[in-house]
Amino acid sequence: MLNGMESVDSLYMREALCEARAAFDIGEIPVGALIVKGGQVLSRAHNTRETCRDPLGHAEMTAIKRAAEVIGDWRLEGCTLYVTLEPCPMCAGALLEARVERVVFGAHDEKIGAVGSVLNIADYPGLGRTVRVKAGVLEGECRMVLERFFRERLRASRAHEGEMAEPG
């Protein structure tokens, strides 16, 4: 049986998954995020790096910026970020700078995960602050969306290569 906090984390992660699916639908790597404070969703976002041609277009970065706009302060103290994929180093650093209190993520990122998998910027000694991390919430569902995206992308790439190889 789930305790109260686990069920709340799962609920918000399902909302982050909706954002990930929105990214999937527009051809972006399907990562979704939201920032919550005191039971209120302050912001929602998904990856827009390709769509906006913006290297900072990660779901977490957009969610942080929007939440700061909503509360009128760059300090996101007392906030929790829910994100479907473990934050990268850039996003983990932004979380520290924004003073986000807690990060809850779904799938681990074994290539560039920066809140426990490869690096742990969220709890790096000497940075002066930390972010509490909860990993693996709805991990299977979060991973499945990512795997489906990359499987379809690979299939499309192979089909395109096959078309180019055919004699005209």
# chains A, B, ... in the order shown; residues from 1 in each chain; ligands from 1
$ select_by_dssp --residues "stretch 43-122 of chain A" --states "strand (DSSP E or B)" --output "list in words"
Ser43, Arg44, Ala45, His46, Cys79, Thr80, Leu81, Tyr82, Val83, Thr84, Leu85, Arg102, Val103, Val104, Phe105, Gly106, Ala107, Val115 and Asn120 of chain A
$ residues_around --residues "stretch 145-158 of chain A" --least-positions-apart "2" --cutoff "8 Å" --atoms "only C-alpha atoms" --output "PyMOL selection string"
chain A and resi 20-21+24+29-31+141-143+160-162
$ select_by_dssp --residues "chain A" --states "alpha helix (DSSP H)" --output "ChimeraX atom specification"
/A:4-25,49-52,59-71,89-98,139-165
$ closest_residue --among "A:Gly140, A:Gly72, A:Gly113, A:Gly39" --to "A:Pro87" --atoms "only C-alpha atoms"
A:Gly113
$ residues_around --residues "A:Arg14" --least-positions-apart "3" --cutoff "10 Å" --atoms "only C-alpha atoms" --output "number ranges by chain"
A: 8-11, 17-20, 32, 82-84, 106, 137-138, 141-142
$ write_last_selection --atoms "N, CA, C and O atoms" --output "PDB file, in the first residue's frame"
ATOM      1  N   VAL A   8       0.886  11.043  -3.743  1.00  0.00           N
ATOM      2  CA  VAL A   8       0.934  12.406  -4.263  1.00  0.00           C
ATOM      3  C   VAL A   8       2.028  12.506  -5.319  1.00  0.00           C
ATOM      4  O   VAL A   8       1.817  13.088  -6.390  1.00  0.00           O
ATOM      5  N   ASP A   9       3.202  11.934  -5.050  1.00  0.00           N
ATOM      6  CA  ASP A   9       4.287  11.955  -6.026  1.00  0.00           C
ATOM      7  C   ASP A   9       3.877  11.256  -7.317  1.00  0.00           C
ATOM      8  O   ASP A   9       4.169  11.739  -8.413  1.00  0.00           O
ATOM      9  N   SER A  10       3.175  10.155  -7.208  1.00  0.00           N
ATOM     10  CA  SER A  10       2.712   9.437  -8.407  1.00  0.00           C
ATOM     11  C   SER A  10       1.702  10.269  -9.191  1.00  0.00           C
ATOM     12  O   SER A  10       1.741  10.313 -10.420  1.00  0.00           O
ATOM     13  N   LEU A  11       0.821  10.947  -8.485  1.00  0.00           N
ATOM     14  CA  LEU A  11      -0.178  11.799  -9.141  1.00  0.00           C
ATOM     15  C   LEU A  11       0.497  12.893  -9.963  1.00  0.00           C
ATOM     16  O   LEU A  11       0.179  13.091 -11.138  1.00  0.00           O
ATOM     17  N   LEU A  17       4.083  13.139 -17.015  1.00  0.00           N
ATOM     18  CA  LEU A  17       4.016  12.214 -18.161  1.00  0.00           C
ATOM     19  C   LEU A  17       3.127  12.769 -19.273  1.00  0.00           C
ATOM     20  O   LEU A  17       3.416  12.567 -20.454  1.00  0.00           O
ATOM     21  N   CYS A  18       2.071  13.470 -18.922  1.00  0.00           N
ATOM     22  CA  CYS A  18       1.226  14.116 -19.949  1.00  0.00           C
ATOM     23  C   CYS A  18       2.047  15.132 -20.731  1.00  0.00           C
ATOM     24  O   CYS A  18       1.912  15.236 -21.956  1.00  0.00           O
ATOM     25  N   GLU A  19       2.892  15.872 -20.039  1.00  0.00           N
ATOM     26  CA  GLU A  19       3.773  16.825 -20.718  1.00  0.00           C
ATOM     27  C   GLU A  19       4.784  16.097 -21.600  1.00  0.00           C
ATOM     28  O   GLU A  19       5.079  16.540 -22.710  1.00  0.00           O
ATOM     29  N   ALA A  20       5.299  14.980 -21.125  1.00  0.00           N
ATOM     30  CA  ALA A  20       6.249  14.196 -21.924  1.00  0.00           C
ATOM     31  C   ALA A  20       5.576  13.723 -23.220  1.00  0.00           C
ATOM     32  O   ALA A  20       6.180  13.771 -24.291  1.00  0.00           O
ATOM     33  N   GLY A  32       8.838  15.559 -19.620  1.00  0.00           N
ATOM     34  CA  GLY A  32       7.871  16.512 -19.093  1.00  0.00           C
ATOM     35  C   GLY A  32       8.199  16.854 -17.659  1.00  0.00           C
ATOM     36  O   GLY A  32       8.783  16.045 -16.939  1.00  0.00           O
ATOM     37  N   TYR A  82       8.832  17.876 -10.461  1.00  0.00           N
ATOM     38  CA  TYR A  82       8.540  16.517 -10.917  1.00  0.00           C
ATOM     39  C   TYR A  82       8.965  16.462 -12.370  1.00  0.00           C
ATOM     40  O   TYR A  82       8.553  17.297 -13.174  1.00  0.00           O
ATOM     41  N   VAL A  83       9.799  15.482 -12.721  1.00  0.00           N
ATOM     42  CA  VAL A  83      10.303  15.375 -14.088  1.00  0.00           C
ATOM     43  C   VAL A  83      10.437  13.902 -14.454  1.00  0.00           C
ATOM     44  O   VAL A  83      10.823  13.079 -13.630  1.00  0.00           O
ATOM     45  N   THR A  84      10.111  13.589 -15.690  1.00  0.00           N
ATOM     46  CA  THR A  84      10.059  12.186 -16.116  1.00  0.00           C
ATOM     47  C   THR A  84      11.428  11.558 -16.325  1.00  0.00           C
ATOM     48  O   THR A  84      11.553  10.340 -16.299  1.00  0.00           O
ATOM     49  N   GLY A 106      11.402  10.262 -12.647  1.00  0.00           N
ATOM     50  CA  GLY A 106      10.974   8.923 -13.029  1.00  0.00           C
ATOM     51  C   GLY A 106      12.139   8.049 -13.446  1.00  0.00           C
ATOM     52  O   GLY A 106      12.655   7.260 -12.664  1.00  0.00           O
ATOM     53  N   VAL A 137      10.092   7.261  -9.471  1.00  0.00           N
ATOM     54  CA  VAL A 137       8.632   7.319  -9.363  1.00  0.00           C
ATOM     55  C   VAL A 137       8.034   7.090 -10.750  1.00  0.00           C
ATOM     56  O   VAL A 137       8.352   7.806 -11.698  1.00  0.00           O
ATOM     57  N   LEU A 138       7.226   6.066 -10.868  1.00  0.00           N
ATOM     58  CA  LEU A 138       6.639   5.634 -12.156  1.00  0.00           C
ATOM     59  C   LEU A 138       7.735   5.435 -13.207  1.00  0.00           C
ATOM     60  O   LEU A 138       7.555   5.733 -14.394  1.00  0.00           O
ATOM     61  N   GLU A 141       6.847   3.588 -16.571  1.00  0.00           N
ATOM     62  CA  GLU A 141       6.060   4.381 -17.519  1.00  0.00           C
ATOM     63  C   GLU A 141       6.900   5.478 -18.163  1.00  0.00           C
ATOM     64  O   GLU A 141       6.791   5.736 -19.364  1.00  0.00           O
ATOM     65  N   CYS A 142       7.723   6.125 -17.358  1.00  0.00           N
ATOM     66  CA  CYS A 142       8.583   7.190 -17.891  1.00  0.00           C
ATOM     67  C   CYS A 142       9.581   6.629 -18.901  1.00  0.00           C
ATOM     68  O   CYS A 142       9.788   7.202 -19.968  1.00  0.00           O
TER      69      CYS A 142
END
$ closest_residue --among "A:Leu96, A:Leu76, A:Leu119, A:Val104" --to "A:Ala16" --atoms "only C-alpha atoms"
A:Val104
$ closest_residue --among "A:Gly27, A:Gly38, A:Gly78, A:Gly93" --to "A:Glu50" --atoms "only C-alpha atoms"
A:Gly27
$ atom_distance --atom1 "atom CA of A:Leu34" --atom2 "atom CA of A:Glu139"
16.2 Å
$ closest_residue --among "A:Met13, A:Leu95, A:His46, A:Asp73" --to "A:Ala135" --atoms "only C-alpha atoms"
A:Met13
$ closest_residue --among "A:Glu77, A:Glu86, A:Ala114, A:Cys91" --to "A:Arg129" --atoms "only C-alpha atoms"
A:Glu77
$ atom_distance --atom1 "atom CA of A:Thr62" --atom2 "atom CA of A:Arg44"
8.1 Å
$ closest_residue --among "A:Thr51, A:Asn120, A:Ser7, A:Ser43" --to "A:Ala67" --atoms "only C-alpha atoms"
A:Ser43
$ decode --residues "stretch 117-129 of chain A" --atoms "all heavy atoms" --output "mmCIF file, in the first residue's frame"
data_model
loop_
_atom_site.group_PDB
_atom_site.id
_atom_site.type_symbol
_atom_site.label_atom_id
_atom_site.label_comp_id
_atom_site.auth_asym_id
_atom_site.auth_seq_id
_atom_site.Cartn_x
_atom_site.Cartn_y
_atom_site.Cartn_z
ATOM 1 N N SER A 117 22.728 9.404 -10.820
ATOM 2 C CA SER A 117 23.162 8.306 -11.688
ATOM 3 C C SER A 117 24.621 8.406 -12.115
ATOM 4 O O SER A 117 25.389 7.473 -11.934
ATOM 5 C CB SER A 117 22.272 8.215 -12.933
ATOM 6 O OG SER A 117 20.989 7.756 -12.581
ATOM 7 N N VAL A 118 25.011 9.523 -12.720
ATOM 8 C CA VAL A 118 26.389 9.716 -13.177
ATOM 9 C C VAL A 118 27.100 10.705 -12.253
ATOM 10 O O VAL A 118 28.211 10.467 -11.813
ATOM 11 C CB VAL A 118 26.422 10.216 -14.643
ATOM 12 C CG1 VAL A 118 27.849 10.496 -15.093
ATOM 13 C CG2 VAL A 118 25.758 9.214 -15.570
ATOM 14 N N LEU A 119 26.444 11.799 -12.009
ATOM 15 C CA LEU A 119 26.920 12.841 -11.090
ATOM 16 C C LEU A 119 25.863 13.040 -10.016
ATOM 17 O O LEU A 119 24.722 12.609 -10.185
ATOM 18 C CB LEU A 119 27.098 14.174 -11.828
ATOM 19 C CG LEU A 119 28.042 14.221 -13.009
ATOM 20 C CD1 LEU A 119 27.871 15.541 -13.755
ATOM 21 C CD2 LEU A 119 29.473 14.060 -12.549
ATOM 22 N N ASN A 120 26.243 13.738 -8.960
ATOM 23 C CA ASN A 120 25.227 14.114 -7.984
ATOM 24 C C ASN A 120 25.428 15.570 -7.602
ATOM 25 O O ASN A 120 25.890 15.904 -6.512
ATOM 26 C CB ASN A 120 25.234 13.216 -6.755
ATOM 27 C CG ASN A 120 23.966 13.409 -5.929
ATOM 28 O OD1 ASN A 120 23.175 14.306 -6.205
ATOM 29 N ND2 ASN A 120 23.788 12.584 -4.933
ATOM 30 N N ILE A 121 25.087 16.446 -8.534
ATOM 31 C CA ILE A 121 25.202 17.878 -8.314
ATOM 32 C C ILE A 121 24.253 18.322 -7.205
ATOM 33 O O ILE A 121 24.546 19.252 -6.463
ATOM 34 C CB ILE A 121 24.932 18.636 -9.638
ATOM 35 C CG1 ILE A 121 26.070 18.349 -10.617
ATOM 36 C CG2 ILE A 121 24.777 20.135 -9.388
ATOM 37 C CD1 ILE A 121 25.853 18.857 -12.016
ATOM 38 N N ALA A 122 23.127 17.636 -7.059
ATOM 39 C CA ALA A 122 22.129 17.998 -6.050
ATOM 40 C C ALA A 122 22.659 17.894 -4.631
ATOM 41 O O ALA A 122 22.121 18.515 -3.719
ATOM 42 C CB ALA A 122 20.888 17.115 -6.211
ATOM 43 N N ASP A 123 23.715 17.123 -4.434
ATOM 44 C CA ASP A 123 24.264 16.932 -3.092
ATOM 45 C C ASP A 123 25.789 17.018 -3.127
ATOM 46 O O ASP A 123 26.482 16.336 -2.389
ATOM 47 C CB ASP A 123 23.815 15.572 -2.537
ATOM 48 C CG ASP A 123 24.014 15.464 -1.034
ATOM 49 O OD1 ASP A 123 23.999 16.500 -0.355
ATOM 50 O OD2 ASP A 123 24.194 14.332 -0.549
ATOM 51 N N TYR A 124 26.309 17.885 -3.980
ATOM 52 C CA TYR A 124 27.752 18.009 -4.133
ATOM 53 C C TYR A 124 28.322 18.839 -2.993
ATOM 54 O O TYR A 124 27.880 19.963 -2.749
ATOM 55 C CB TYR A 124 28.083 18.656 -5.483
ATOM 56 C CG TYR A 124 29.540 18.587 -5.831
ATOM 57 C CD1 TYR A 124 30.064 17.436 -6.405
ATOM 58 C CD2 TYR A 124 30.391 19.650 -5.571
ATOM 59 C CE1 TYR A 124 31.415 17.363 -6.716
ATOM 60 C CE2 TYR A 124 31.733 19.578 -5.883
ATOM 61 C CZ TYR A 124 32.236 18.426 -6.456
ATOM 62 O OH TYR A 124 33.569 18.343 -6.769
ATOM 63 N N PRO A 125 29.325 18.312 -2.300
ATOM 64 C CA PRO A 125 29.907 19.054 -1.176
ATOM 65 C C PRO A 125 30.507 20.379 -1.633
ATOM 66 O O PRO A 125 31.126 20.471 -2.680
ATOM 67 C CB PRO A 125 31.018 18.128 -0.664
ATOM 68 C CG PRO A 125 30.786 16.811 -1.298
ATOM 69 C CD PRO A 125 29.967 17.024 -2.527
ATOM 70 N N GLY A 126 30.300 21.400 -0.859
ATOM 71 C CA GLY A 126 30.925 22.682 -1.129
ATOM 72 C C GLY A 126 30.108 23.649 -1.958
ATOM 73 O O GLY A 126 30.509 24.790 -2.131
ATOM 74 N N LEU A 127 28.966 23.240 -2.473
ATOM 75 C CA LEU A 127 28.162 24.159 -3.274
ATOM 76 C C LEU A 127 27.263 25.051 -2.415
ATOM 77 O O LEU A 127 26.657 25.979 -2.915
ATOM 78 C CB LEU A 127 27.309 23.396 -4.299
ATOM 79 C CG LEU A 127 28.081 22.755 -5.442
ATOM 80 C CD1 LEU A 127 27.131 22.031 -6.390
ATOM 81 C CD2 LEU A 127 28.895 23.788 -6.211
ATOM 82 N N GLY A 128 27.163 24.736 -1.132
ATOM 83 C CA GLY A 128 26.425 25.617 -0.245
ATOM 84 C C GLY A 128 24.945 25.320 -0.107
ATOM 85 O O GLY A 128 24.280 25.863 0.754
ATOM 86 N N ARG A 129 24.428 24.486 -0.971
ATOM 87 C CA ARG A 129 23.017 24.089 -0.841
ATOM 88 C C ARG A 129 22.827 22.733 -1.490
ATOM 89 O O ARG A 129 23.656 22.285 -2.268
ATOM 90 C CB ARG A 129 22.071 25.130 -1.413
ATOM 91 C CG ARG A 129 22.261 25.472 -2.871
ATOM 92 C CD ARG A 129 21.308 26.558 -3.328
ATOM 93 N NE ARG A 129 21.699 27.898 -2.962
ATOM 94 C CZ ARG A 129 22.460 28.690 -3.697
ATOM 95 N NH1 ARG A 129 22.909 28.279 -4.848
ATOM 96 N NH2 ARG A 129 22.761 29.886 -3.307
#
